[in-house]
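J.: If you scroll down you'll find the structure; I have some questions about it.
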Amino acid sequence: MKRASGAVAQGVLSSRWFHLVVLALGSAFVLVGAFHGYIWFDESYSVAIANHSFSEIWRIGSGDVHPVLFYWALHVLNLVFGQNILAYRLFTVLGSVALASLGYTHVRRDFGWKPGVLFTAFVLFIPYTAIMSTEIRMYSWAVLAVAMCFLFAMRICIKARGSGPVRVNEWIGFALFSLAGAYLHYYAVLVVTIINAIVLAVVCARAVDRADAVAGAQCVVGVLDSFRVPNDVDPADRLSADGRGCAEHL
C-alpha cells in the first residue's frame, strides 16, 4: 500500500502539469510584491536614466560600473509607456519568471524532473530572490543570461567530450547570452568569462574535427568583453556627474 501510494505521489510530482502549477503559483507570489510605487536610491537611478536617449545612456554608462543593456531596455519601455514605475517593475518580474521557466524548458530536459522543479521553486519562492525580482534593477535579467550561458555551456562541453556534434544554434545561444550577461551586470561579466574560459579549454582539449575547433573560438566573446570590468571597488565612486545628475530629473 505504501509502495503504491509512493508511486502515485512520485507520478504527480514528476508530471509536467505539477511543474507548471509550481511555476504559476510562484509567478503569482512574486507578482504580488510588484504593485507599489515606492522606489529606493538604486531604483531611482534606473528610473531617471531611462529618460535619456540611447546615446546619452551609453555616455552616462561609461562612468558607471553597471553596463547599459538594462537601461536601454527601460528606455524602450519609457518610449512606449512613458515614465511608468509599474511597467518598469513588471519588466523585472518578467525576467524572474523567465528564469524560473528555465526549470521547465531546459533544466528538466537536461537534468531530470527533480532538478527542474527545484530550480523553478527556488527562483520564485526563496525570499531574497523574490524581493530582488521586483526591484527596478538588472538583477533578474542578468541571472537569466548567466543561467542560459551556463546551460548552453553544459551542452557544448558534454557533446564536445564525445556525446555528439554541437549544433550551430547552441553556439549562437551561448555567444548571445554571454554577451547579454556581460552587458547586464559587472558580476555577470566575471561569471560568463569563467564559463567561456572553461568551454574554450574543453573544446580545444577534446575537439575531434576542425569545425569544433573553429566554433570554440566563439568562446572568446566573454573573455574579450571582460576587459570592460572596472578597476574600482565602490560603484558610487564611478558615477559621473551626469550619472548623479540624472537622479535629479525625478
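Every chain in the C-alpha cells takes a letter, A first, then B, and so on in the order presented; its residues are numbered from 1, and the ligands are numbered from 1 following the presented order.
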Using only C-alpha atoms, which protein or nucleic acid residues come within 9 Å of Asp110 in chain A? Drop anything in the same chain fewer than 3 positions from it, and give the result as a list of chain:residue names.
T.: A:His106, A:Val107, A:Gly116, A:Leu151, A:Arg155
J.: Neighbours of range 95-102 of chain A within 10 Å (only C-alpha atoms; same-chain residues fewer than 4 positions away dropped), as a compact mmCIF listing (two decimals) with N, CA, C and O atoms, in the first residue's frame?
T.:
# COMPACT_ATOMS: atom_id res chain seq x y z
N HIS A 19 4.65 20.70 -12.41
CA HIS A 19 5.71 21.68 -12.60
C HIS A 19 5.12 23.02 -13.04
O HIS A 19 5.52 24.09 -12.56
N LEU A 20 4.15 22.98 -13.93
CA LEU A 20 3.51 24.22 -14.40
C LEU A 20 2.72 24.90 -13.28
O LEU A 20 2.66 26.13 -13.22
N VAL A 22 3.55 24.79 -10.07
CA VAL A 22 4.59 25.44 -9.25
C VAL A 22 5.03 26.75 -9.89
O VAL A 22 5.17 27.77 -9.21
N LEU A 23 5.21 26.72 -11.19
CA LEU A 23 5.62 27.93 -11.91
C LEU A 23 4.55 29.02 -11.83
O LEU A 23 4.87 30.19 -11.59
N ALA A 24 3.29 28.63 -11.98
CA ALA A 24 2.19 29.60 -11.92
C ALA A 24 2.05 30.19 -10.52
O ALA A 24 1.91 31.42 -10.37
N GLY A 26 4.31 30.32 -8.13
CA GLY A 26 5.49 31.13 -7.83
C GLY A 26 5.47 32.47 -8.54
O GLY A 26 5.85 33.49 -7.96
N SER A 27 5.01 32.48 -9.77
CA SER A 27 4.91 33.74 -10.51
C SER A 27 3.92 34.68 -9.85
O SER A 27 4.16 35.89 -9.74
N ALA A 28 2.79 34.13 -9.39
CA ALA A 28 1.80 34.94 -8.69
C ALA A 28 2.37 35.47 -7.37
O ALA A 28 2.14 36.63 -7.00
N VAL A 30 5.51 36.17 -6.64
CA VAL A 30 6.43 37.27 -6.93
C VAL A 30 5.68 38.50 -7.41
O VAL A 30 5.99 39.64 -7.03
N LEU A 31 4.67 38.27 -8.24
CA LEU A 31 3.94 39.38 -8.85
C LEU A 31 3.21 40.24 -7.83
O LEU A 31 3.07 41.46 -8.01
N LEU A 90 7.25 45.50 -13.55
CA LEU A 90 6.76 44.27 -14.16
C LEU A 90 7.77 43.68 -15.14
O LEU A 90 7.86 42.47 -15.32
N PHE A 91 8.55 44.56 -15.75
CA PHE A 91 9.61 44.09 -16.66
C PHE A 91 10.65 43.28 -15.90
O PHE A 91 11.12 42.25 -16.39
N HIS A 106 14.43 23.89 -19.83
CA HIS A 106 15.81 23.48 -20.06
C HIS A 106 16.34 22.52 -18.98
O HIS A 106 16.86 21.45 -19.30
N VAL A 107 16.24 22.92 -17.72
CA VAL A 107 16.81 22.10 -16.65
C VAL A 107 16.13 20.74 -16.58
O VAL A 107 16.79 19.71 -16.43
N ARG A 108 14.83 20.72 -16.71
CA ARG A 108 14.08 19.46 -16.66
C ARG A 108 14.52 18.51 -17.78
O ARG A 108 14.71 17.32 -17.55
N ARG A 109 14.70 19.07 -18.97
CA ARG A 109 15.10 18.24 -20.11
C ARG A 109 16.53 17.74 -19.98
O ARG A 109 16.83 16.59 -20.33
N GLY A 116 14.63 20.19 -12.16
CA GLY A 116 13.82 21.19 -12.85
C GLY A 116 12.80 21.84 -11.93
O GLY A 116 12.68 23.07 -11.89
N VAL A 117 12.07 21.02 -11.17
CA VAL A 117 11.06 21.55 -10.25
C VAL A 117 11.72 22.36 -9.14
O VAL A 117 11.24 23.44 -8.77
N LEU A 118 12.81 21.84 -8.58
CA LEU A 118 13.50 22.56 -7.52
C LEU A 118 14.07 23.89 -8.01
O LEU A 118 14.01 24.90 -7.29
N PHE A 119 14.60 23.91 -9.22
CA PHE A 119 15.11 25.15 -9.79
C PHE A 119 14.00 26.20 -9.87
O PHE A 119 14.18 27.35 -9.43
N THR A 120 12.87 25.81 -10.41
CA THR A 120 11.73 26.74 -10.52
C THR A 120 11.28 27.23 -9.15
O THR A 120 11.05 28.43 -8.95
N ALA A 121 11.17 26.32 -8.19
CA ALA A 121 10.70 26.68 -6.86
C ALA A 121 11.68 27.60 -6.15
O ALA A 121 11.27 28.60 -5.53
N PHE A 122 12.97 27.31 -6.24
CA PHE A 122 13.97 28.14 -5.57
C PHE A 122 13.99 29.55 -6.13
O PHE A 122 14.11 30.53 -5.39
N VAL A 123 13.89 29.67 -7.44
CA VAL A 123 13.93 31.00 -8.07
C VAL A 123 12.78 31.87 -7.60
O VAL A 123 12.95 33.08 -7.33
N LEU A 124 11.61 31.28 -7.44
CA LEU A 124 10.41 32.09 -7.17
C LEU A 124 10.03 32.19 -5.69
O LEU A 124 9.39 33.17 -5.30
N THR A 129 15.41 36.10 -3.44
CA THR A 129 15.21 36.22 -4.88
C THR A 129 13.86 36.84 -5.20
O THR A 129 13.71 37.56 -6.18
N ALA A 130 12.86 36.56 -4.35
CA ALA A 130 11.54 37.15 -4.58
C ALA A 130 11.58 38.67 -4.44
O ALA A 130 10.94 39.40 -5.20
N MET A 132 14.37 40.63 -4.79
CA MET A 132 15.19 41.17 -5.87
C MET A 132 14.44 41.16 -7.20
O MET A 132 14.71 41.96 -8.08
N SER A 133 13.49 40.24 -7.32
CA SER A 133 12.74 40.12 -8.57
C SER A 133 11.87 41.34 -8.87
O SER A 133 11.53 41.59 -10.02
N THR A 134 11.50 42.05 -7.83
CA THR A 134 10.59 43.18 -8.02
C THR A 134 11.30 44.53 -8.02
O THR A 134 10.65 45.56 -8.15
N MET A 138 18.77 45.37 -12.81
CA MET A 138 19.06 44.38 -13.84
C MET A 138 19.29 42.97 -13.31
O MET A 138 19.62 42.06 -14.06
N TYR A 139 19.07 42.75 -12.02
CA TYR A 139 19.48 41.50 -11.40
C TYR A 139 18.81 40.27 -12.00
O TYR A 139 19.47 39.27 -12.30
N SER A 140 17.50 40.30 -12.16
CA SER A 140 16.80 39.11 -12.66
C SER A 140 17.23 38.78 -14.09
O SER A 140 17.44 37.61 -14.42
N TRP A 141 17.39 39.81 -14.91
CA TRP A 141 17.78 39.56 -16.30
C TRP A 141 19.23 39.13 -16.39
O TRP A 141 19.60 38.32 -17.25
N ALA A 142 20.09 39.64 -15.51
CA ALA A 142 21.49 39.22 -15.51
C ALA A 142 21.62 37.75 -15.13
O ALA A 142 22.38 37.00 -15.76
N VAL A 143 20.88 37.32 -14.11
CA VAL A 143 20.93 35.92 -13.69
C VAL A 143 20.36 35.03 -14.80
O VAL A 143 20.87 33.93 -15.06
N LEU A 144 19.32 35.49 -15.48
CA LEU A 144 18.76 34.73 -16.60
C LEU A 144 19.82 34.53 -17.69
O LEU A 144 19.99 33.41 -18.20
N ALA A 145 20.53 35.59 -18.04
CA ALA A 145 21.55 35.50 -19.09
C ALA A 145 22.66 34.54 -18.67
O ALA A 145 23.12 33.71 -19.46
N VAL A 146 23.11 34.63 -17.41
CA VAL A 146 24.17 33.75 -16.93
C VAL A 146 23.69 32.30 -16.90
O VAL A 146 24.43 31.38 -17.27
N ALA A 147 22.45 32.08 -16.47
CA ALA A 147 21.91 30.72 -16.42
C ALA A 147 21.84 30.11 -17.81
O ALA A 147 22.21 28.94 -18.01
N MET A 148 21.37 30.88 -18.79
CA MET A 148 21.31 30.38 -20.16
C MET A 148 22.70 30.12 -20.71
O MET A 148 22.93 29.12 -21.42
N LEU A 151 23.81 26.83 -19.19
CA LEU A 151 23.12 25.66 -19.73
C LEU A 151 23.62 25.32 -21.13
O LEU A 151 23.84 24.14 -21.46
J.: Could you pull out all residues of range 13-248 of chain A with a DSSP call of helix (DSSP H, G or I) and give them as a VMD selection string?
T.: chain A and resid 13 16 to 32 41 to 49 54 to 61 69 to 81 85 to 111 113 to 125 127 to 133 139 to 163 168 to 182 186 to 206 210 to 228 235 to 238 241 to 248
J.: Rounded to one decimal in Å, what is the spacing between CA of Asn51 in chain A and CA of Tyr183 in chain A?
T.: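 We find that CA of Asn51 in chain A and CA of Tyr183 in chain A lie 19.3 Å from each other.
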J.: What is the distance, in Å and to one decimal place, between CA of Arg206 in chain A and CA of Lys159 in chain A?
T.: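 Interatomic distance here is 9.6 Å.
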J.: Sorted by chain and rising residue number, list the residues of range 30-136 of chain A at most 9 Å from range 12-16 of chain A (counting only C-alpha atoms), each with its closest atom pair and distance in Å to one decimal, as JSON lines.
T.:
{"residue": "A:Tyr104", "atom": "CA", "partner": "A:Arg16", "partner_atom": "CA", "distance": 8.1}
{"residue": "A:Trp113", "atom": "CA", "partner": "A:Ser14", "partner_atom": "CA", "distance": 5.9}
{"residue": "A:Lys114", "atom": "CA", "partner": "A:Ser14", "partner_atom": "CA", "distance": 7.2}
{"residue": "A:Val117", "atom": "CA", "partner": "A:Ser14", "partner_atom": "CA", "distance": 8.4}
J.: Export, as a PDB file, in the first residue's frame, the selected residues with N, CA and C atoms.
T.:
ATOM      1  N   TYR A 104      11.589  24.416 -16.310  1.00  0.00           N
ATOM      2  CA  TYR A 104      10.668  23.581 -17.091  1.00  0.00           C
ATOM      3  C   TYR A 104      11.180  23.322 -18.504  1.00  0.00           C
ATOM      4  N   TRP A 113      13.417  15.731 -13.882  1.00  0.00           N
ATOM      5  CA  TRP A 113      12.295  16.497 -13.359  1.00  0.00           C
ATOM      6  C   TRP A 113      12.573  17.063 -11.966  1.00  0.00           C
ATOM      7  N   LYS A 114      13.323  16.341 -11.114  1.00  0.00           N
ATOM      8  CA  LYS A 114      13.589  16.841  -9.764  1.00  0.00           C
ATOM      9  C   LYS A 114      14.392  18.140  -9.776  1.00  0.00           C
ATOM     10  N   VAL A 117      12.069  21.022 -11.170  1.00  0.00           N
ATOM     11  CA  VAL A 117      11.057  21.553 -10.249  1.00  0.00           C
ATOM     12  C   VAL A 117      11.721  22.361  -9.136  1.00  0.00           C
TER      13      VAL A 117
END
